[in-house]
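start_38.cif (mmCIF, C-alpha atoms)
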```
data_model
#
loop_
_atom_site.group_PDB
_atom_site.id
_atom_site.type_symbol
_atom_site.label_atom_id
_atom_site.label_comp_id
_atom_site.auth_asym_id
_atom_site.auth_seq_id
_atom_site.Cartn_x
_atom_site.Cartn_y
_atom_site.Cartn_z
ATOM 1 C CA PRO A 1 -13.623 12.612 -5.901
ATOM 2 C CA GLY A 2 -15.613 13.697 -2.842
ATOM 3 C CA GLU A 3 -12.692 12.736 -0.625
ATOM 4 C CA VAL A 4 -10.366 14.947 -2.653
ATOM 5 C CA TRP A 5 -12.708 17.939 -2.473
ATOM 6 C CA ARG A 6 -12.916 17.562 1.332
ATOM 7 C CA LEU A 7 -9.130 17.565 1.878
ATOM 8 C CA ARG A 8 -7.889 20.216 4.310
ATOM 9 C CA TRP A 9 -4.427 21.729 4.489
ATOM 10 C CA THR A 10 -3.972 19.996 7.840
ATOM 11 C CA ASP A 11 -4.510 16.598 6.153
ATOM 12 C CA LYS A 12 -1.114 16.618 4.461
ATOM 13 C CA ASP A 13 2.157 15.479 5.994
ATOM 14 C CA ILE A 14 4.910 17.223 4.036
ATOM 15 C CA GLY A 15 7.862 15.434 5.662
ATOM 16 C CA GLY A 16 6.274 12.000 5.396
ATOM 17 C CA LYS A 17 4.888 12.671 1.912
ATOM 18 C CA LYS A 18 1.462 11.434 2.951
ATOM 19 C CA ILE A 19 -2.095 12.641 2.864
ATOM 20 C CA CYS A 20 -4.732 11.704 5.402
ATOM 21 C CA ILE A 21 -8.206 11.080 4.059
ATOM 22 C CA SER A 22 -9.982 12.051 7.256
ATOM 23 C CA GLN A 23 -13.398 12.731 5.724
ATOM 24 C CA PRO A 24 -14.050 9.661 3.580
ATOM 25 C CA GLU A 25 -16.943 9.062 1.235
ATOM 26 C CA LYS A 26 -20.018 7.243 2.488
ATOM 27 C CA GLY A 27 -19.308 3.754 3.752
ATOM 28 C CA CYS A 28 -15.525 4.199 3.724
ATOM 29 C CA ASN A 29 -12.857 4.327 6.405
ATOM 30 C CA SER A 30 -10.344 7.096 7.017
ATOM 31 C CA ARG A 31 -6.886 6.230 5.742
ATOM 32 C CA ILE A 32 -3.430 7.594 5.062
ATOM 33 C CA ARG A 33 -2.005 7.381 1.536
ATOM 34 C CA PRO A 34 1.517 8.100 0.317
ATOM 35 C CA ILE A 35 1.942 10.821 -2.296
ATOM 36 C CA ASP A 36 4.877 11.390 -4.616
ATOM 37 C CA GLU A 37 7.150 14.427 -4.775
ATOM 38 C CA LYS A 38 5.459 15.798 -7.899
ATOM 39 C CA LEU A 39 1.993 15.797 -6.310
ATOM 40 C CA LEU A 40 3.358 17.293 -3.102
ATOM 41 C CA THR A 41 5.006 20.114 -5.071
ATOM 42 C CA MET A 42 1.755 20.755 -6.939
ATOM 43 C CA LEU A 43 -0.228 20.888 -3.683
ATOM 44 C CA LEU A 44 2.238 23.265 -2.092
ATOM 45 C CA GLY A 45 1.901 25.545 -5.136
ATOM 46 C CA LEU A 46 -1.828 26.020 -4.570
ATOM 47 C CA PRO A 47 -3.029 29.193 -2.829
ATOM 48 C CA ARG A 48 -4.099 28.827 0.807
ATOM 49 C CA ILE A 49 -7.277 30.877 0.745
ATOM 50 C CA GLN A 50 -9.421 28.671 2.955
ATOM 51 C CA GLU A 51 -9.276 25.624 5.247
ATOM 52 C CA ARG A 52 -9.800 23.191 2.371
ATOM 53 C CA ILE A 53 -7.135 22.578 -0.266
ATOM 54 C CA PHE A 54 -9.634 22.736 -3.123
ATOM 55 C CA THR A 55 -12.318 25.399 -3.316
ATOM 56 C CA SER A 56 -15.761 24.883 -4.801
ATOM 57 C CA LYS A 57 -14.512 27.014 -7.704
ATOM 58 C CA SER A 58 -11.579 24.634 -8.323
ATOM 59 C CA ARG A 59 -13.976 21.671 -8.171
ATOM 60 C CA ASP A 60 -16.198 23.242 -10.813
ATOM 61 C CA MET A 61 -13.189 24.117 -12.966
ATOM 62 C CA ALA A 62 -11.841 20.550 -12.695
ATOM 63 C CA TRP A 63 -15.172 19.075 -13.749
ATOM 64 C CA LYS A 64 -15.524 21.497 -16.699
ATOM 65 C CA SER A 65 -11.960 20.818 -17.820
ATOM 66 C CA PHE A 66 -12.476 17.053 -17.567
ATOM 67 C CA SER A 67 -15.748 17.326 -19.511
ATOM 68 C CA ARG A 68 -14.049 19.311 -22.294
ATOM 69 C CA MET A 69 -11.185 16.794 -22.566
ATOM 70 C CA ARG A 70 -13.655 13.901 -22.605
ATOM 71 C CA ALA A 71 -15.696 15.597 -25.361
ATOM 72 C CA ARG A 72 -12.533 16.147 -27.442
ATOM 73 C CA ALA A 73 -11.565 12.482 -26.999
ATOM 74 C CA MET A 74 -15.084 11.342 -27.981
ATOM 75 C CA HIS A 75 -14.934 13.480 -31.117
ATOM 76 C CA LYS A 76 -11.369 12.514 -32.044
ATOM 77 C CA MET A 77 -11.962 8.792 -31.507
ATOM 78 C CA GLY A 78 -15.543 8.796 -32.766
ATOM 79 C CA ASN A 79 -16.578 6.903 -29.650
ATOM 80 C CA PRO A 80 -19.662 8.221 -27.789
ATOM 81 C CA GLU A 81 -19.163 5.495 -25.145
ATOM 82 C CA LEU A 82 -16.444 7.714 -23.635
ATOM 83 C CA ARG A 83 -19.288 9.872 -22.284
ATOM 84 C CA LYS A 84 -19.745 7.192 -19.594
ATOM 85 C CA ILE A 85 -16.333 7.961 -18.080
ATOM 86 C CA ASP A 86 -16.358 10.150 -14.972
ATOM 87 C CA PHE A 87 -14.083 10.707 -11.966
ATOM 88 C CA TYR A 88 -15.323 7.516 -10.307
ATOM 89 C CA THR A 89 -14.289 5.479 -13.350
ATOM 90 C CA PHE A 90 -10.642 6.083 -12.445
ATOM 91 C CA ARG A 91 -11.247 4.813 -8.904
ATOM 92 C CA TYR A 92 -12.892 1.656 -10.253
ATOM 93 C CA TRP A 93 -10.072 1.145 -12.748
ATOM 94 C CA ARG A 94 -7.415 1.502 -10.026
ATOM 95 C CA ALA A 95 -9.241 -0.931 -7.750
ATOM 96 C CA THR A 96 -9.625 -3.454 -10.560
ATOM 97 C CA MET A 97 -5.957 -3.208 -11.548
ATOM 98 C CA GLU A 98 -4.818 -3.502 -7.917
ATOM 99 C CA TYR A 99 -6.942 -6.604 -7.470
ATOM 100 C CA ARG A 100 -5.484 -8.070 -10.692
ATOM 101 C CA ARG A 101 -1.984 -7.346 -9.426
ATOM 102 C CA LEU A 102 -2.381 -8.509 -5.823
ATOM 103 C CA HIS A 103 -5.303 -10.959 -5.819
ATOM 104 C CA ASP A 104 -5.905 -9.680 -2.294
ATOM 105 C CA PHE A 105 -9.364 -8.444 -1.315
ATOM 106 C CA GLY A 106 -8.073 -7.003 1.954
ATOM 107 C CA ALA A 107 -5.395 -4.873 0.294
ATOM 108 C CA VAL A 108 -7.930 -3.377 -2.118
ATOM 109 C CA MET A 109 -10.319 -2.724 0.776
ATOM 110 C CA VAL A 110 -7.592 -0.805 2.630
ATOM 111 C CA LEU A 111 -6.530 1.104 -0.493
ATOM 112 C CA LEU A 112 -10.061 2.372 -1.098
ATOM 113 C CA GLY A 113 -11.118 2.579 2.525
ATOM 114 C CA HIS A 114 -14.079 0.242 2.058
ATOM 115 C CA LYS A 115 -15.759 -1.149 5.172
ATOM 116 C CA SER A 116 -17.373 -4.019 3.267
ATOM 117 C CA LEU A 117 -16.167 -6.638 0.798
ATOM 118 C CA LYS A 118 -19.289 -6.064 -1.313
ATOM 119 C CA TYR A 119 -17.661 -3.624 -3.741
ATOM 120 C CA VAL A 120 -14.254 -5.271 -3.679
ATOM 121 C CA LEU A 121 -15.927 -8.433 -4.992
ATOM 122 C CA LEU A 122 -17.267 -6.347 -7.878
ATOM 123 C CA TYR A 123 -13.724 -5.262 -8.754
ATOM 124 C CA ALA A 124 -12.672 -8.912 -8.752
ATOM 125 C CA GLN A 125 -15.456 -9.701 -11.238
ATOM 126 C CA LEU A 126 -14.399 -6.779 -13.428
ATOM 127 C CA SER A 127 -10.812 -7.977 -13.241
ATOM 128 C CA ASP A 128 -11.741 -11.443 -14.425
ATOM 129 C CA ALA A 129 -13.681 -10.002 -17.372
ATOM 130 C CA TYR A 130 -11.011 -7.507 -18.440
ATOM 131 C CA ASP A 131 -7.694 -8.238 -20.113
ATOM 132 C CA PRO A 132 -6.048 -4.812 -20.643
ATOM 133 C CA ASN A 133 -2.935 -5.851 -22.534
ATOM 134 C CA GLY A 134 -3.932 -8.915 -24.445
ATOM 135 C CA GLY A 135 -2.802 -11.645 -22.118
ATOM 136 C CA TYR A 136 0.027 -12.821 -19.948
ATOM 137 C CA VAL A 137 3.752 -13.244 -20.053
ATOM 138 C CA CYS A 138 4.457 -16.883 -19.171
ATOM 139 C CA ARG A 139 7.659 -18.288 -17.668
ATOM 140 C CA GLU A 140 8.751 -21.679 -16.451
ATOM 141 C CA ALA A 141 10.964 -22.597 -13.528
ATOM 142 C CA ARG A 142 12.908 -25.825 -13.166
ATOM 143 C CA THR A 143 14.443 -25.042 -9.762
ATOM 144 C CA ARG A 144 13.307 -23.479 -6.489
ATOM 145 C CA THR A 145 15.697 -20.575 -7.094
ATOM 146 C CA GLU A 146 14.155 -19.848 -10.499
ATOM 147 C CA ALA A 147 10.648 -20.076 -9.000
ATOM 148 C CA ARG A 148 11.567 -17.718 -6.152
ATOM 149 C CA GLN A 149 13.008 -15.199 -8.628
ATOM 150 C CA LEU A 150 9.850 -15.293 -10.761
ATOM 151 C CA ILE A 151 7.674 -14.670 -7.709
ATOM 152 C CA GLU A 152 9.910 -11.760 -6.672
ATOM 153 C CA ASP A 153 9.516 -10.400 -10.216
ATOM 154 C CA GLY A 154 5.729 -10.359 -9.843
ATOM 155 C CA PHE A 155 4.812 -13.630 -11.517
ATOM 156 C CA GLU A 156 2.099 -15.807 -10.051
ATOM 157 C CA TYR A 157 2.284 -19.575 -9.826
ATOM 158 C CA VAL A 158 -0.128 -21.399 -12.146
ATOM 159 C CA MET A 159 0.686 -25.129 -12.051
ATOM 160 C CA ASP A 160 3.294 -27.870 -12.321
ATOM 161 C CA LYS A 161 3.484 -29.833 -15.545
ATOM 162 C CA GLU A 162 6.001 -32.538 -16.374
ATOM 163 C CA GLY A 163 8.434 -31.414 -13.671
ATOM 164 C CA VAL A 164 8.279 -27.726 -14.608
ATOM 165 C CA SER A 165 6.512 -25.007 -12.613
ATOM 166 C CA LEU A 166 4.570 -22.550 -14.775
ATOM 167 C CA PHE A 167 4.140 -18.879 -13.831
ATOM 168 C CA ARG A 168 2.371 -15.902 -15.387
ATOM 169 C CA LYS A 169 1.865 -12.146 -15.022
ATOM 170 C CA LEU A 170 -0.037 -9.572 -16.996
ATOM 171 C CA LYS A 171 1.763 -8.054 -19.985
#
```
Spit out the file's structure as structure tokens when you get a sec.
Amino acid sequence: PGEVWRLRWTDKDIGGKKICISQPEKGCNSRIRPIDEKLLTMLLGLPRIQERIFTSKSRDMAWKSFSRMRARAMHKMGNPELRKIDFYTFRYWRATMEYRRLHDFGAVMVLLGHKSLKYVLLYAQLSDAYDPNGGYVCREARTRTEARQLIEDGFEYVMDKEGVSLFRKLK
């Protein structure tokens, strides 16, 4: 969240639909991230009243709004554990899901701008302990063409058994 609050109007590239995180959080690298059309339109709709995209007032309003929504969810679901969720939780969730999807420490490091593998290894541990959708979709391939298609469709190779290659991906 600190990186978002530090964003300046000069950090966005309208034509390239990218945003440059030039003032990263502690221990992180600068990086450029793609943004979609909807986010770009929302950013362009904000008033330009200072150098930074978000004012301290907008930061406070975002936190208060998030806190109210979290409190409503806790009440509606009867789950006080939701109080533990904050803005960083979404970053951790994204990192964990990206690691699950890619199984690539380096890609997650680049995504988050980390300089060290220390935290990326934590996301890998969280990934191994968390099964968000109740398991995997499993497929088998009897030919190289079938195996190639499964890999292109996001399946990961598991093993060969009795002349059949087994693949899986998260549901």
Legend entry - Answer key for the PyMOL selection byres ((chain A and resi 87) around 9), residues as an NGL selection string: :A and (1 or 63 or 66 or 85-86 or 88-91)
Inset, instruction - Fewer than 4 positions away in the same chain doesn't count, so skip those; otherwise give me all residues within 8 Å of Asp11 (chain A), counting all atoms listed in the file, as number ranges by chain. - result: A: 7, 19-22
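Using all atoms listed in the file, the protein and nucleic acid residues lying no more than 10 Å from Glu156 (chain A), apart from those fewer than 3 places from it along its own chain, are A:Arg101, A:Leu102, A:His103, A:Cys138, A:Arg139, A:Ala147, A:Leu150, A:Ile151, A:Glu152, A:Asp153, A:Met159, A:Leu166, A:Phe167, A:Arg168, A:Lys169, A:Leu170.
Here CA of Ile14 (chain A) and CA of Leu39 (chain A) stand 10.8 Å from one another.
Checking A:Lys57, A:Lys64, A:His114, A:Arg72 one by one against Glu25 (chain A), counting all atoms listed in the file, you find the shortest gap at A:His114.
When only C-alpha atoms are used to compute distances to Tyr99 (chain A), the closest of the residues A:Asp160, A:Val120, A:Arg70, A:Pro80 turns out to be A:Val120.
The gap separating CA of Trp93 (chain A) from CA of Met42 (chain A) is 23.6 Å, in Å to one decimal.
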Inset, instruction - Work out how far apart CA of Ala141 (chain A) and CA of Val164 (chain A) are and give it in Å to one decimal. - result: 5.9 Å
Inset, instruction - With a distance cut-off of 12 Å and all atoms listed in the file, select the neighbouring residues of Gly106 (chain A), excluding the residue or stretch itself and same-chain residues fewer than 2 positions from it, and output the selection as JSON, numbers by chain. - result: {"A": [95, 98, 99, 102, 103, 104, 108, 109, 110, 111, 112, 113, 114, 115, 116, 117, 118, 119, 120, 121, 124]}
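You can rank A:Ser30, A:Gly15, A:Arg59, A:Trp9 by their closest distance to Leu46 (chain A) using only C-alpha atoms, and at the top of that list sits A:Trp9.
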Inset, instruction - Step by step, work through what the PyMOL selection byres ((chain A and resi 4) around 9) selects in the shown file, and finish by giving those residues as a PyMOL selection string. - result: chain A and resi 1-3+5-7+21+24+53-54
Please identify all polymer residues within 12 Å of Ala71 (chain A), counting all atoms listed in the file, omitting same-chain residues fewer than 2 positions from it, and present them as a short mmCIF file (atom, residue, chain, number, x, y, z; two decimals) with C-alpha atoms, in the coordinates of the input.
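result_0.cif, written as the output of this step:
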```cif
data_model
loop_
_atom_site.label_atom_id
_atom_site.label_comp_id
_atom_site.auth_asym_id
_atom_site.auth_seq_id
_atom_site.Cartn_x
_atom_site.Cartn_y
_atom_site.Cartn_z
CA LYS A 64 -15.52 21.50 -16.70
CA SER A 65 -11.96 20.82 -17.82
CA PHE A 66 -12.48 17.05 -17.57
CA SER A 67 -15.75 17.33 -19.51
CA ARG A 68 -14.05 19.31 -22.29
CA MET A 69 -11.18 16.79 -22.57
CA ALA A 73 -11.56 12.48 -27.00
CA MET A 74 -15.08 11.34 -27.98
CA HIS A 75 -14.93 13.48 -31.12
CA LYS A 76 -11.37 12.51 -32.04
CA MET A 77 -11.96 8.79 -31.51
CA GLY A 78 -15.54 8.80 -32.77
CA ASN A 79 -16.58 6.90 -29.65
CA PRO A 80 -19.66 8.22 -27.79
CA GLU A 81 -19.16 5.50 -25.14
CA LEU A 82 -16.44 7.71 -23.64
CA ARG A 83 -19.29 9.87 -22.28
CA LYS A 84 -19.74 7.19 -19.59
CA ILE A 85 -16.33 7.96 -18.08
CA ASP A 86 -16.36 10.15 -14.97
#
```
Inset, instruction - May I ask which of the residues A:Arg94, A:Arg100, A:Arg148, A:Arg142 is the closest one to Lys171 (chain A), counting all atoms listed in the file? - result: A:Arg100
Is there a way to complete region 70-91 of chain A with N, CA and C atoms and then write that out as a compact mmCIF listing (two decimals), in the frame of the given file?
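And here's selection06.txt as it stands now:
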```
# COMPACT_ATOMS: atom_id res chain seq x y z
N ARG A 70 -12.89 15.10 -22.25
CA ARG A 70 -13.66 13.90 -22.60
C ARG A 70 -14.38 14.11 -23.93
N ALA A 71 -14.98 15.29 -24.11
CA ALA A 71 -15.70 15.60 -25.36
C ALA A 71 -14.73 15.59 -26.55
N ARG A 72 -13.53 16.16 -26.36
CA ARG A 72 -12.53 16.15 -27.44
C ARG A 72 -12.14 14.71 -27.79
N ALA A 73 -11.94 13.89 -26.76
CA ALA A 73 -11.56 12.48 -27.00
C ALA A 73 -12.69 11.74 -27.72
N MET A 74 -13.95 11.99 -27.31
CA MET A 74 -15.08 11.34 -27.98
C MET A 74 -15.12 11.72 -29.46
N HIS A 75 -14.91 13.01 -29.73
CA HIS A 75 -14.93 13.48 -31.12
C HIS A 75 -13.76 12.90 -31.91
N LYS A 76 -12.56 12.99 -31.35
CA LYS A 76 -11.37 12.51 -32.04
C LYS A 76 -11.42 11.01 -32.33
N MET A 77 -11.92 10.25 -31.36
CA MET A 77 -11.96 8.79 -31.51
C MET A 77 -13.27 8.31 -32.12
N GLY A 78 -14.24 9.19 -32.23
CA GLY A 78 -15.54 8.80 -32.77
C GLY A 78 -16.23 7.77 -31.89
N ASN A 79 -16.05 7.91 -30.58
CA ASN A 79 -16.58 6.90 -29.65
C ASN A 79 -17.45 7.58 -28.58
N PRO A 80 -18.78 7.59 -28.77
CA PRO A 80 -19.66 8.22 -27.79
C PRO A 80 -19.70 7.49 -26.45
N GLU A 81 -19.20 6.25 -26.41
CA GLU A 81 -19.16 5.50 -25.14
C GLU A 81 -18.27 6.17 -24.11
N LEU A 82 -17.33 7.01 -24.57
CA LEU A 82 -16.44 7.71 -23.64
C LEU A 82 -17.22 8.65 -22.72
N ARG A 83 -18.45 9.00 -23.12
CA ARG A 83 -19.29 9.87 -22.28
C ARG A 83 -19.56 9.23 -20.92
N LYS A 84 -19.46 7.91 -20.84
CA LYS A 84 -19.74 7.19 -19.59
C LYS A 84 -18.62 7.33 -18.57
N ILE A 85 -17.47 7.82 -18.99
CA ILE A 85 -16.33 7.96 -18.08
C ILE A 85 -16.53 9.20 -17.21
N ASP A 86 -16.34 9.02 -15.90
CA ASP A 86 -16.36 10.15 -14.97
C ASP A 86 -15.24 9.95 -13.96
N PHE A 87 -15.16 10.81 -12.95
CA PHE A 87 -14.08 10.71 -11.97
C PHE A 87 -14.09 9.36 -11.25
N TYR A 88 -15.25 8.80 -11.01
CA TYR A 88 -15.32 7.52 -10.31
C TYR A 88 -14.74 6.38 -11.15
N THR A 89 -14.81 6.52 -12.48
CA THR A 89 -14.29 5.48 -13.35
C THR A 89 -12.82 5.21 -13.05
N PHE A 90 -12.07 6.26 -12.74
CA PHE A 90 -10.64 6.08 -12.44
C PHE A 90 -10.44 5.32 -11.13
N ARG A 91 -11.31 5.56 -10.17
CA ARG A 91 -11.25 4.81 -8.90
C ARG A 91 -11.52 3.33 -9.15
```
